[in-house]
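Trainee: Got a structure for you, my_file15.txt, holding compact mmCIF, C-alpha atoms.
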```txt
# COMPACT_ATOMS: atom_id res chain seq x y z
CA MET A 97 137.31 112.39 83.92
CA ASP A 98 137.45 113.34 87.58
CA ASN A 99 140.40 112.91 89.93
CA MET A 100 139.16 109.63 91.37
CA THR A 101 138.96 107.87 88.02
CA LEU A 102 142.36 109.24 87.00
CA ILE A 103 144.04 108.03 90.18
CA ALA A 104 142.40 104.61 90.00
CA MET A 105 143.37 104.22 86.35
CA ALA A 106 146.95 105.38 86.85
CA SER A 107 147.41 103.13 89.90
CA ILE A 108 146.14 99.98 88.19
CA VAL A 109 148.05 100.54 84.95
CA ILE A 110 151.30 101.48 86.71
CA ALA A 111 150.98 98.52 89.09
CA GLY A 112 150.89 96.15 86.13
CA ILE A 113 153.72 97.90 84.31
CA THR A 114 155.86 97.96 87.48
CA THR A 115 155.70 94.21 88.02
CA GLY A 116 155.93 93.47 84.30
CA PHE A 117 159.03 95.51 83.59
CA GLY A 118 160.49 95.06 87.05
CA THR A 119 160.68 91.29 86.71
CA MET A 120 162.33 91.36 83.27
CA GLY A 121 165.77 92.43 84.47
CA PRO A 122 165.96 90.05 87.44
CA ALA A 123 164.70 87.19 85.24
CA LEU A 124 167.53 87.69 82.75
CA ALA A 125 170.03 88.19 85.57
CA GLU A 126 168.95 85.05 87.43
CA GLY A 127 169.14 83.06 84.22
CA ARG A 128 172.70 84.23 83.65
CA ALA A 129 173.66 83.55 87.27
CA VAL A 130 172.24 80.02 87.26
CA ALA A 131 173.79 79.23 83.89
CA THR A 132 177.22 80.37 85.06
CA ALA A 133 176.84 78.47 88.32
CA LEU A 134 175.91 75.30 86.43
CA THR A 135 178.98 75.67 84.23
CA SER A 136 181.20 76.09 87.27
CA LEU A 137 179.54 73.12 88.97
CA ALA A 138 180.22 70.96 85.93
CA GLN A 139 183.85 72.08 85.86
CA GLN A 140 184.51 71.87 89.60
CA PRO A 141 182.11 69.49 91.35
CA ASP A 142 184.31 69.61 94.47
CA ALA A 143 183.46 73.25 95.10
CA SER A 144 179.72 72.58 94.93
CA ALA A 145 179.02 73.65 98.53
CA THR A 146 180.62 77.07 98.12
CA ILE A 147 179.14 77.63 94.66
CA THR A 148 175.65 76.67 95.79
CA ARG A 149 175.77 78.89 98.85
CA THR A 150 177.08 81.88 96.92
CA LEU A 151 174.51 81.22 94.20
CA PHE A 152 171.64 81.21 96.68
CA VAL A 153 172.79 84.42 98.34
CA GLY A 154 173.31 86.06 94.95
CA LEU A 155 169.93 84.88 93.67
CA ALA A 156 168.25 86.33 96.74
CA MET A 157 170.01 89.64 96.12
CA ILE A 158 168.93 89.68 92.47
CA GLU A 159 165.44 88.54 93.29
CA SER A 160 164.96 91.27 95.85
CA THR A 161 164.83 93.89 93.06
CA ALA A 162 161.88 92.04 91.55
CA ILE A 163 160.35 91.75 95.02
CA TYR A 164 160.66 95.52 95.50
CA CYS A 165 158.71 96.08 92.28
CA PHE A 166 156.11 93.57 93.42
CA VAL A 167 155.76 95.28 96.80
CA VAL A 168 155.34 98.65 95.07
CA SER A 169 152.56 97.33 92.84
CA MET A 170 150.86 95.63 95.79
CA ILE A 171 150.93 98.97 97.65
CA LEU A 172 149.48 100.68 94.57
CA ILE A 173 146.62 98.18 94.42
CA PHE A 174 145.80 97.37 98.05
CA ALA A 175 147.17 100.19 100.20
CA ASN A 176 147.29 103.18 97.86
CA PRO A 177 147.92 106.38 99.86
CA PHE A 178 146.71 108.67 97.02
CA TRP A 179 143.51 106.72 96.66
CA ASN A 180 142.91 106.86 100.43
CA HIS A 181 143.53 110.61 100.31
CA VAL A 182 140.95 111.13 97.54
CA ILE A 183 138.44 108.92 99.33
CA ALA A 184 138.93 110.89 102.55
CA GLN A 185 138.48 114.17 100.66
CA THR A 186 135.30 113.00 98.95
CA ALA A 187 133.91 111.75 102.24
CA GLY A 188 134.79 115.04 103.91
CA LYS A 189 132.85 117.14 101.39
CA MET B 140 141.74 89.71 100.92
CA HIS B 141 144.14 91.24 103.42
CA LEU B 142 147.63 92.49 102.67
CA SER B 143 149.22 91.51 105.97
CA PRO B 144 148.23 89.59 109.10
CA ASP B 145 148.25 92.95 110.92
CA GLN B 146 144.76 93.48 109.59
CA VAL B 147 143.33 90.31 111.13
CA ILE B 148 142.23 91.36 114.59
CA PHE B 149 141.26 88.72 117.13
CA TRP B 150 140.56 90.82 120.17
CA ARG B 151 140.29 94.50 120.93
CA TYR B 152 140.19 96.44 124.17
CA GLY B 153 140.30 100.22 123.81
CA VAL B 154 143.44 101.12 121.88
CA PHE B 155 144.97 97.67 122.43
CA LYS B 156 144.55 95.31 119.54
CA LEU B 157 145.58 91.67 119.39
CA ASN B 158 146.22 91.03 115.72
CA ALA B 159 147.26 87.83 114.01
CA THR B 160 150.92 88.91 113.78
CA ILE B 161 151.32 89.24 117.55
CA ALA B 162 149.30 86.12 118.30
CA PHE B 163 151.18 83.87 115.86
CA THR B 164 154.57 85.34 116.81
CA TRP B 165 153.97 84.54 120.45
CA ALA B 166 152.58 81.12 119.61
CA LEU B 167 155.71 80.34 117.56
CA MET B 168 157.97 81.69 120.30
CA LEU B 169 156.20 79.56 122.91
CA VAL B 170 156.37 76.43 120.75
CA LEU B 171 160.05 76.93 119.90
CA ALA B 172 161.11 77.85 123.44
CA ALA B 173 159.04 75.18 125.18
CA GLY B 174 160.08 72.59 122.59
CA SER B 175 163.79 73.29 123.02
CA ARG B 176 163.38 73.29 126.80
CA LEU B 177 161.54 69.96 126.76
CA ILE B 178 164.09 68.34 124.45
CA THR B 179 167.17 69.61 126.25
CA ARG B 180 165.79 68.72 129.70
CA LYS B 181 167.24 65.24 129.61
CA LEU B 182 170.16 65.15 127.23
CA SER B 183 172.32 62.07 127.07
CA THR B 184 175.68 61.32 125.53
CA GLY B 185 175.20 57.55 125.41
CA SER B 186 173.74 55.49 122.61
CA GLN B 187 170.27 55.63 124.18
CA ARG B 188 169.02 58.98 122.95
CA SER B 189 165.61 60.35 122.28
CA ARG B 190 164.72 60.96 118.64
CA TRP B 191 164.05 64.61 119.36
CA GLN B 192 167.57 65.07 120.67
CA ASP B 193 168.89 63.72 117.36
CA VAL B 194 166.71 66.17 115.44
CA LEU B 195 167.90 69.10 117.51
CA GLU B 196 171.53 67.99 117.19
CA ILE B 197 171.20 67.83 113.40
CA VAL B 198 169.70 71.33 113.28
CA VAL B 199 172.26 72.89 115.62
CA THR B 200 175.26 71.22 113.97
CA ALA B 201 174.08 72.16 110.49
CA ILE B 202 173.59 75.82 111.47
CA GLY B 203 176.98 75.87 113.17
CA LYS B 204 178.67 74.43 110.09
CA GLN B 205 177.04 76.98 107.80
CA ILE B 206 178.09 79.84 110.08
CA GLU B 207 181.65 78.51 110.12
CA GLU B 208 181.74 78.27 106.32
CA VAL B 209 180.78 81.93 106.00
CA GLY B 210 183.96 82.88 107.84
CA LEU B 211 183.09 83.10 111.52
CA SER B 212 185.61 80.80 113.16
CA GLN B 213 183.72 80.45 116.47
CA PRO B 214 180.18 79.49 115.45
CA ARG B 215 179.17 78.71 119.07
CA LYS B 216 179.45 82.39 119.90
CA TYR B 217 177.02 83.49 117.21
CA ILE B 218 174.69 80.51 117.00
CA GLY B 219 172.44 81.95 119.69
CA PHE B 220 171.59 84.95 117.55
CA LEU B 221 171.92 83.63 113.99
CA GLY B 222 170.39 80.25 114.77
CA THR B 223 167.38 81.84 116.44
CA LEU B 224 166.83 84.08 113.41
CA PHE B 225 166.96 81.10 111.06
CA VAL B 226 164.82 78.82 113.19
CA PHE B 227 162.17 81.50 113.78
CA VAL B 228 161.89 82.54 110.12
CA GLY B 229 161.99 78.91 109.01
CA ALA B 230 159.33 77.81 111.50
CA ALA B 231 157.17 80.79 110.54
CA SER B 232 157.15 79.65 106.90
CA ILE B 233 156.95 75.89 107.58
CA CYS B 234 153.85 76.38 109.77
CA THR B 235 151.89 77.68 106.75
CA VAL B 236 150.79 74.04 106.26
CA ILE B 237 148.51 74.58 109.26
CA PRO B 238 145.11 75.86 108.06
CA GLY B 239 144.10 79.27 109.35
CA TYR B 240 147.70 80.26 110.03
CA ASP B 241 149.24 83.43 108.64
CA PRO B 242 153.03 83.63 108.76
CA PRO B 243 153.97 86.55 111.04
CA THR B 244 156.88 87.24 108.68
CA ALA B 245 154.32 88.33 106.06
CA SER B 246 153.92 91.51 108.12
CA LEU B 247 156.38 94.34 107.54
CA SER B 248 156.51 95.02 111.31
CA THR B 249 157.96 91.59 112.10
CA THR B 250 160.55 91.65 109.34
CA THR B 251 161.56 95.20 110.26
CA ALA B 252 162.05 94.09 113.85
CA LEU B 253 164.22 91.17 112.74
CA ALA B 254 166.24 93.40 110.40
CA LEU B 255 166.73 95.95 113.21
CA CYS B 256 168.07 93.15 115.41
CA VAL B 257 170.69 92.45 112.71
CA PHE B 258 171.34 96.21 112.38
CA VAL B 259 172.12 96.40 116.11
CA ALA B 260 173.94 93.06 116.32
CA VAL B 261 176.49 93.84 113.59
CA PRO B 262 178.18 96.78 115.40
CA PHE B 263 177.73 94.95 118.72
CA PHE B 264 179.73 91.92 117.60
CA GLY B 265 182.11 94.13 115.62
CA ILE B 266 182.96 96.28 118.64
CA GLU B 267 183.25 93.21 120.83
CA GLU B 268 185.77 91.70 118.44
CA GLN B 269 187.80 94.74 117.35
CA GLY B 270 187.17 97.44 119.95
CA VAL B 271 185.29 100.70 119.39
CA GLY B 272 188.09 102.59 117.64
CA ASN B 273 188.99 99.89 115.15
CA TYR B 274 185.36 99.18 114.37
CA LEU B 275 184.57 102.85 113.70
CA LYS B 276 187.72 103.11 111.58
CA SER B 277 186.46 100.27 109.39
CA TYR B 278 183.78 102.67 108.09
CA ALA B 279 186.51 104.89 106.65
CA LYS B 280 188.12 102.06 104.68
CA PRO B 281 189.53 101.88 102.05
CA THR B 282 189.54 105.71 101.98
CA PRO B 283 187.69 108.31 104.09
CA VAL B 284 185.80 109.29 100.90
CA MET B 285 183.86 106.04 101.27
CA LEU B 286 182.53 106.98 104.72
CA PRO B 287 179.05 108.20 103.66
CA PHE B 288 178.65 105.28 101.27
CA ASN B 289 179.51 102.75 103.98
CA VAL B 290 176.94 104.35 106.29
CA ILE B 291 174.32 104.37 103.52
CA SER B 292 175.00 100.73 102.71
CA GLU B 293 174.56 99.84 106.38
CA LEU B 294 171.09 101.43 106.32
CA SER B 295 170.02 100.23 102.89
CA ARG B 296 170.93 96.61 103.55
CA THR B 297 168.77 96.69 106.68
CA LEU B 298 165.88 97.97 104.56
CA ALA B 299 166.63 95.32 101.94
CA LEU B 300 166.62 92.54 104.56
CA ALA B 301 163.24 93.63 105.88
CA VAL B 302 161.54 94.20 102.52
CA ARG B 303 162.97 91.02 100.94
CA LEU B 304 161.59 88.72 103.61
CA PHE B 305 158.28 90.62 103.77
CA GLY B 306 157.87 90.62 99.99
CA ASN B 307 158.60 86.93 99.63
CA MET B 308 156.29 85.79 102.41
CA MET B 309 153.53 88.23 101.47
CA SER B 310 153.71 87.32 97.79
CA GLY B 311 153.36 83.61 98.63
CA ALA B 312 150.11 84.18 100.52
CA MET B 313 148.91 86.68 97.90
CA ILE B 314 149.52 84.38 94.93
CA VAL B 315 147.61 81.55 96.62
CA ALA B 316 144.73 83.92 97.36
CA ILE B 317 144.64 85.16 93.75
CA LEU B 318 144.88 81.63 92.33
CA LEU B 319 142.01 80.51 94.57
CA THR B 320 139.75 82.91 92.69
CA ILE B 321 141.01 81.85 89.22
CA THR B 322 141.86 78.14 89.34
CA PRO B 323 140.70 76.82 92.70
CA LEU B 324 141.30 73.11 91.99
CA ILE B 325 144.98 72.04 92.10
CA PHE B 326 147.22 75.02 91.36
CA PRO B 327 146.90 76.69 94.78
CA ILE B 328 148.37 73.51 96.35
CA VAL B 329 151.28 73.53 93.92
CA MET B 330 151.96 77.17 94.73
CA THR B 331 151.71 76.44 98.46
CA VAL B 332 154.40 73.77 98.09
CA LEU B 333 156.51 76.28 96.18
CA GLY B 334 155.82 78.78 98.97
CA LEU B 335 157.18 76.31 101.55
CA LEU B 336 160.36 75.96 99.50
CA THR B 337 160.86 79.71 99.04
CA GLY B 338 160.07 80.19 102.74
CA MET B 339 162.91 77.88 103.75
CA VAL B 340 165.25 79.47 101.17
CA GLN B 341 164.39 82.90 102.55
CA ALA B 342 165.06 81.74 106.10
CA TYR B 343 168.44 80.43 104.92
CA ILE B 344 169.16 83.68 103.07
CA PHE B 345 168.22 85.78 106.08
CA GLY B 346 170.49 83.80 108.38
CA ILE B 347 173.37 83.65 105.90
CA LEU B 348 173.19 87.37 105.11
CA ALA B 349 173.19 88.24 108.81
CA ALA B 350 176.19 85.91 109.24
CA VAL B 351 177.98 87.53 106.28
CA TYR B 352 177.40 91.03 107.70
CA ILE B 353 178.65 89.98 111.13
CA ALA B 354 181.64 88.24 109.56
CA ALA B 355 182.48 91.42 107.63
CA ALA B 356 182.24 93.51 110.82
CA THR B 357 184.24 91.15 113.04
CA ARG B 358 187.02 90.40 110.59
CA VAL B 359 190.23 91.63 112.13
CA ARG B 360 192.10 93.25 109.28
CA LYS B 361 195.48 91.84 108.46
CA PRO B 362 197.43 93.79 105.87
CA LYS B 363 197.10 92.43 102.31
CA SER B 364 195.35 89.25 103.33
CA ALA B 365 191.77 90.44 103.78
CA GLN B 366 189.54 88.46 101.47
CA SER B 367 185.85 88.99 101.18
CA VAL B 368 183.70 85.93 101.72
CA ALA B 369 180.48 85.27 99.80
```
Here is a file; write its structure as structure tokens.
Mentor:
Amino acid sequence: MDNMTLIAMASIVIAGITTGFGTMGPALAEGRAVATALTSLAQQPDASATITRTLFVGLAMIESTAIYCFVVSMILIFANPFWNHVIAQTAGK
Amino acid sequence: MHLSPDQVIFWRYGVFKLNATIAFTWALMLVLAAGSRLITRKLSTGSQRSRWQDVLEIVVTAIGKQIEEVGLSQPRKYIGFLGTLFVFVGAASICTVIPGYDPPTASLSTTTALALCVFVAVPFFGIEEQGVGNYLKSYAKPTPVMLPFNVISELSRTLALAVRLFGNMMSGAMIVAILLTITPLIFPIVMTVLGLLTGMVQAYIFGILAAVYIAAATRVRKPKSAQSVA
């Protein structure tokens, strides 16, 4: 196996693993956050505006970790610097 | 398939390139600025009002109320900055219903620029409210040991703002593009609708987070009564 195949294989596999594992934590966390917010909403419907706003901000914070993983895997697939380096080297030979 | 609208180039002259990000940003800016100008040209306080004035009043009042709820007691002072951020990001994602349009916020350059505006605006408003000395001292609170961490958090939240908006907008376009190759019949439309919703939520988040950061920087510390908001 030459370098090119290795890099392509590693990039594709790691891209999938990154998104797969990276979304697990945020998914559990968002579930917990929404469940707790729903409980609080049921107990105190008067505070719904504050709870909803805080929930949205918190969800965005939690979700951003999943988004980071997604961005990393997109970079690995579509704008891979290592792949570009190998391509440039092969073309230069 | 392109990763960002930076790669769509309309016109090129030497080293100057007119890509989709610049074109759509300017188009949005023109539409928003000219629209506001046209609507506010003949404002009236009577019962005979244009429908557009009502729309604009709803938007401005709603933004002002949200800013006030975050903890900034004078929303009029900050609505110019925070409202523009929200309206621009929101309009950029709402306009995705137009065919052939790429949201400029799906480019990392645009979101970085917006995040840098927040990065500069937070100390600006903070110094305006508290003075240079008090603002700089707020970095060394609660103890001077926290100084490097406060500085790091200032930088990392700017990065997070930029990458969050970019990732959300880019992933919306990317998912639709991927679904078009797998199930081209109905699902791309469903995901586009979902993309509109997440776009508006992200615009809201961006505005609210900027407001929260400014509120944290402008809060004049009173002993034992400082409460963190949101």
Trainee: Show me the residues around (155.3, 81.0, 118.9) - criterion: an atom at most 12 Å away, all atoms listed in the file counted - as a ChimeraX atom specification.
Mentor: /B:159-174,226-228,230-231,234,240,242-243
Trainee: Would you mind telling me which residue in B:Ile237, B:Val332, B:Leu348, B:Ile197 lies nearest to chain A when using only C-alpha atoms?
Mentor: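 That would be B:Leu348, the residue with the smallest distance to chain A.
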Trainee: For CA of Pro144 in chain B and CA of Ala106 in chain A, determine how far apart the two atoms are, in Å to one decimal place.
Mentor: 27.3 Å
Trainee: Chain A residues within 10 Å of chain B, counting all atoms listed in the file: which ones, as number ranges by chain?
Mentor: A: 145-147, 149-157, 159-168, 170-171, 174-175
Trainee: Met100 in chain A: which residues within 9 Å, counting only C-alpha atoms, same-chain residues fewer than 5 positions away excluded, as a ChimeraX atom specification?
Mentor: /A:105,179,182-183
Trainee: Here's a test: counting only C-alpha atoms, identify every protein, DNA and RNA residue with an atom at most 10 Å from (166.6, 85.4, 112.4) in the file's coordinate frame, and state them as an MDAnalysis selection string.
Mentor: chainID B and resid 219:229 250 252:254 256:257 342:347 349
Trainee: Could you tell me how far CA of Ile158 in chain A sits from CA of Thr322 in chain B, in Å to one decimal place?
Mentor: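 Between these atoms lies a distance of 29.6 Å.
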Trainee: Expressed in Å to a single decimal, how great is the separation between CA of Thr282 in chain B and CA of Arg296 in chain B?
Mentor: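 For CA of Thr282 in chain B relative to CA of Arg296 in chain B, the distance reads 20.8 Å.
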Trainee: Within 12 Å of Val109 in chain A, counting all atoms listed in the file, which residues qualify if same-chain residues fewer than 6 places away don't, as a list in words?
Mentor: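 Result of the neighbour search: Leu102, Ile103, Thr115, Gly116, Ser169, Leu172 and Ile173 of chain A.
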Trainee: Write the residues you've just listed into a file as a PDB file, keeping the file's coordinate frame, and include C-alpha atoms for each of them.
Mentor:
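Just written: out39.pdb:
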```pdb
ATOM      1  CA  LEU A 102     142.360 109.240  87.000  1.00  0.00           C
ATOM      2  CA  ILE A 103     144.040 108.030  90.180  1.00  0.00           C
ATOM      3  CA  THR A 115     155.700  94.210  88.020  1.00  0.00           C
ATOM      4  CA  GLY A 116     155.930  93.470  84.300  1.00  0.00           C
ATOM      5  CA  SER A 169     152.560  97.330  92.840  1.00  0.00           C
ATOM      6  CA  LEU A 172     149.480 100.680  94.570  1.00  0.00           C
ATOM      7  CA  ILE A 173     146.620  98.180  94.420  1.00  0.00           C
TER       8      ILE A 173
END
```
Trainee: Around all listed atoms of range 137-147 of chain A, padded 6 Å per side, what centre and edge lengths does the axis-aligned box have in Å to one decimal, as JSON?
Mentor:
```
{"center_x": 181.8, "center_y": 73.6, "center_z": 92.2, "size_x": 17.5, "size_y": 20.1, "size_z": 24.7}
```
Trainee: Quick one: residues within 10 Å of Ala354 in chain B, all atoms listed in the file counted, chain neighbours fewer than 6 positions away excluded, as a PyMOL selection string?
Mentor: chain B and resi 206-207+209-212+261+264-265+348+367-368
Trainee: Just C-alpha atoms for this one: save the residues we selected as a PDB file, in the frame of the given file.
Mentor:
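That gives us again_36.pdb:
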```pdb
ATOM      1  CA  ILE B 206     178.090  79.840 110.080  1.00  0.00           C
ATOM      2  CA  GLU B 207     181.650  78.510 110.120  1.00  0.00           C
ATOM      3  CA  VAL B 209     180.780  81.930 106.000  1.00  0.00           C
ATOM      4  CA  GLY B 210     183.960  82.880 107.840  1.00  0.00           C
ATOM      5  CA  LEU B 211     183.090  83.100 111.520  1.00  0.00           C
ATOM      6  CA  SER B 212     185.610  80.800 113.160  1.00  0.00           C
ATOM      7  CA  VAL B 261     176.490  93.840 113.590  1.00  0.00           C
ATOM      8  CA  PHE B 264     179.730  91.920 117.600  1.00  0.00           C
ATOM      9  CA  GLY B 265     182.110  94.130 115.620  1.00  0.00           C
ATOM     10  CA  LEU B 348     173.190  87.370 105.110  1.00  0.00           C
ATOM     11  CA  SER B 367     185.850  88.990 101.180  1.00  0.00           C
ATOM     12  CA  VAL B 368     183.700  85.930 101.720  1.00  0.00           C
TER      13      VAL B 368
END
```
Trainee: Generate the coordinates of N, CA and C atoms for range 100-132 of chain A; report them as a PDB file, in the coordinates of the input.
Mentor:
```
ATOM      1  N   MET A 100     139.252 110.993  90.847  1.00  0.00           N
ATOM      2  CA  MET A 100     139.160 109.630  91.370  1.00  0.00           C
ATOM      3  C   MET A 100     139.443 108.613  90.271  1.00  0.00           C
ATOM      4  N   THR A 101     138.762 108.802  89.126  1.00  0.00           N
ATOM      5  CA  THR A 101     138.960 107.870  88.020  1.00  0.00           C
ATOM      6  C   THR A 101     140.402 107.891  87.545  1.00  0.00           C
ATOM      7  N   LEU A 102     140.966 109.115  87.465  1.00  0.00           N
ATOM      8  CA  LEU A 102     142.360 109.240  87.000  1.00  0.00           C
ATOM      9  C   LEU A 102     143.303 108.480  87.916  1.00  0.00           C
ATOM     10  N   ILE A 103     143.123 108.677  89.231  1.00  0.00           N
ATOM     11  CA  ILE A 103     144.040 108.030  90.180  1.00  0.00           C
ATOM     12  C   ILE A 103     143.880 106.522  90.121  1.00  0.00           C
ATOM     13  N   ALA A 104     142.626 106.055  90.059  1.00  0.00           N
ATOM     14  CA  ALA A 104     142.400 104.610  90.000  1.00  0.00           C
ATOM     15  C   ALA A 104     143.048 104.035  88.756  1.00  0.00           C
ATOM     16  N   MET A 105     142.836 104.721  87.615  1.00  0.00           N
ATOM     17  CA  MET A 105     143.370 104.220  86.350  1.00  0.00           C
ATOM     18  C   MET A 105     144.894 104.190  86.383  1.00  0.00           C
ATOM     19  N   ALA A 106     145.478 105.315  86.819  1.00  0.00           N
ATOM     20  CA  ALA A 106     146.950 105.380  86.850  1.00  0.00           C
ATOM     21  C   ALA A 106     147.508 104.307  87.771  1.00  0.00           C
ATOM     22  N   SER A 107     146.887 104.113  88.952  1.00  0.00           N
ATOM     23  CA  SER A 107     147.410 103.130  89.900  1.00  0.00           C
ATOM     24  C   SER A 107     147.390 101.728  89.307  1.00  0.00           C
ATOM     25  N   ILE A 108     146.255 101.348  88.704  1.00  0.00           N
ATOM     26  CA  ILE A 108     146.140  99.980  88.190  1.00  0.00           C
ATOM     27  C   ILE A 108     147.120  99.764  87.053  1.00  0.00           C
ATOM     28  N   VAL A 109     147.175 100.719  86.112  1.00  0.00           N
ATOM     29  CA  VAL A 109     148.050 100.540  84.950  1.00  0.00           C
ATOM     30  C   VAL A 109     149.514 100.494  85.392  1.00  0.00           C
ATOM     31  N   ILE A 110     149.897 101.436  86.285  1.00  0.00           N
ATOM     32  CA  ILE A 110     151.300 101.480  86.710  1.00  0.00           C
ATOM     33  C   ILE A 110     151.653 100.248  87.530  1.00  0.00           C
ATOM     34  N   ALA A 111     150.693  99.732  88.311  1.00  0.00           N
ATOM     35  CA  ALA A 111     150.980  98.520  89.090  1.00  0.00           C
ATOM     36  C   ALA A 111     151.351  97.373  88.158  1.00  0.00           C
ATOM     37  N   GLY A 112     150.580  97.209  87.083  1.00  0.00           N
ATOM     38  CA  GLY A 112     150.890  96.150  86.130  1.00  0.00           C
ATOM     39  C   GLY A 112     152.226  96.375  85.457  1.00  0.00           C
ATOM     40  N   ILE A 113     152.470  97.615  85.014  1.00  0.00           N
ATOM     41  CA  ILE A 113     153.720  97.900  84.310  1.00  0.00           C
ATOM     42  C   ILE A 113     154.915  97.688  85.243  1.00  0.00           C
ATOM     43  N   THR A 114     154.748  98.101  86.536  1.00  0.00           N
ATOM     44  CA  THR A 114     155.860  97.960  87.480  1.00  0.00           C
ATOM     45  C   THR A 114     156.292  96.507  87.601  1.00  0.00           C
ATOM     46  N   THR A 115     155.314  95.614  87.862  1.00  0.00           N
ATOM     47  CA  THR A 115     155.700  94.210  88.020  1.00  0.00           C
ATOM     48  C   THR A 115     156.206  93.651  86.697  1.00  0.00           C
ATOM     49  N   GLY A 116     155.542  94.016  85.596  1.00  0.00           N
ATOM     50  CA  GLY A 116     155.930  93.470  84.300  1.00  0.00           C
ATOM     51  C   GLY A 116     157.356  93.811  83.937  1.00  0.00           C
ATOM     52  N   PHE A 117     157.683  95.104  83.977  1.00  0.00           N
ATOM     53  CA  PHE A 117     159.030  95.510  83.590  1.00  0.00           C
ATOM     54  C   PHE A 117     160.040  95.204  84.697  1.00  0.00           C
ATOM     55  N   GLY A 118     159.576  95.275  85.946  1.00  0.00           N
ATOM     56  CA  GLY A 118     160.490  95.060  87.050  1.00  0.00           C
ATOM     57  C   GLY A 118     160.982  93.633  87.162  1.00  0.00           C
ATOM     58  N   THR A 119     160.232  92.677  86.624  1.00  0.00           N
ATOM     59  CA  THR A 119     160.680  91.290  86.710  1.00  0.00           C
ATOM     60  C   THR A 119     161.547  90.898  85.515  1.00  0.00           C
ATOM     61  N   MET A 120     161.549  91.721  84.464  1.00  0.00           N
ATOM     62  CA  MET A 120     162.330  91.360  83.270  1.00  0.00           C
ATOM     63  C   MET A 120     163.820  91.293  83.578  1.00  0.00           C
ATOM     64  N   GLY A 121     164.337  92.378  84.182  1.00  0.00           N
ATOM     65  CA  GLY A 121     165.770  92.430  84.470  1.00  0.00           C
ATOM     66  C   GLY A 121     166.218  91.297  85.375  1.00  0.00           C
ATOM     67  N   PRO A 122     165.583  91.147  86.560  1.00  0.00           N
ATOM     68  CA  PRO A 122     165.960  90.050  87.440  1.00  0.00           C
ATOM     69  C   PRO A 122     165.833  88.684  86.774  1.00  0.00           C
ATOM     70  N   ALA A 123     164.838  88.489  85.889  1.00  0.00           N
ATOM     71  CA  ALA A 123     164.700  87.190  85.240  1.00  0.00           C
ATOM     72  C   ALA A 123     165.925  86.894  84.383  1.00  0.00           C
ATOM     73  N   LEU A 124     166.331  87.882  83.576  1.00  0.00           N
ATOM     74  CA  LEU A 124     167.530  87.690  82.750  1.00  0.00           C
ATOM     75  C   LEU A 124     168.758  87.465  83.628  1.00  0.00           C
ATOM     76  N   ALA A 125     168.853  88.287  84.707  1.00  0.00           N
ATOM     77  CA  ALA A 125     170.030  88.190  85.570  1.00  0.00           C
ATOM     78  C   ALA A 125     170.102  86.837  86.254  1.00  0.00           C
ATOM     79  N   GLU A 126     168.944  86.347  86.751  1.00  0.00           N
ATOM     80  CA  GLU A 126     168.950  85.050  87.430  1.00  0.00           C
ATOM     81  C   GLU A 126     169.297  83.941  86.453  1.00  0.00           C
ATOM     82  N   GLY A 127     168.797  84.054  85.227  1.00  0.00           N
ATOM     83  CA  GLY A 127     169.140  83.060  84.220  1.00  0.00           C
ATOM     84  C   GLY A 127     170.644  83.004  83.996  1.00  0.00           C
ATOM     85  N   ARG A 128     171.234  84.177  83.856  1.00  0.00           N
ATOM     86  CA  ARG A 128     172.700  84.230  83.650  1.00  0.00           C
ATOM     87  C   ARG A 128     173.435  83.631  84.843  1.00  0.00           C
ATOM     88  N   ALA A 129     172.972  84.025  86.061  1.00  0.00           N
ATOM     89  CA  ALA A 129     173.660  83.550  87.270  1.00  0.00           C
ATOM     90  C   ALA A 129     173.586  82.030  87.363  1.00  0.00           C
ATOM     91  N   VAL A 130     172.393  81.468  87.138  1.00  0.00           N
ATOM     92  CA  VAL A 130     172.240  80.020  87.260  1.00  0.00           C
ATOM     93  C   VAL A 130     173.052  79.311  86.183  1.00  0.00           C
ATOM     94  N   ALA A 131     173.041  79.860  84.962  1.00  0.00           N
ATOM     95  CA  ALA A 131     173.790  79.230  83.890  1.00  0.00           C
ATOM     96  C   ALA A 131     175.275  79.195  84.215  1.00  0.00           C
ATOM     97  N   THR A 132     175.800  80.321  84.706  1.00  0.00           N
ATOM     98  CA  THR A 132     177.220  80.370  85.060  1.00  0.00           C
ATOM     99  C   THR A 132     177.527  79.412  86.198  1.00  0.00           C
TER     100      THR A 132
END
```
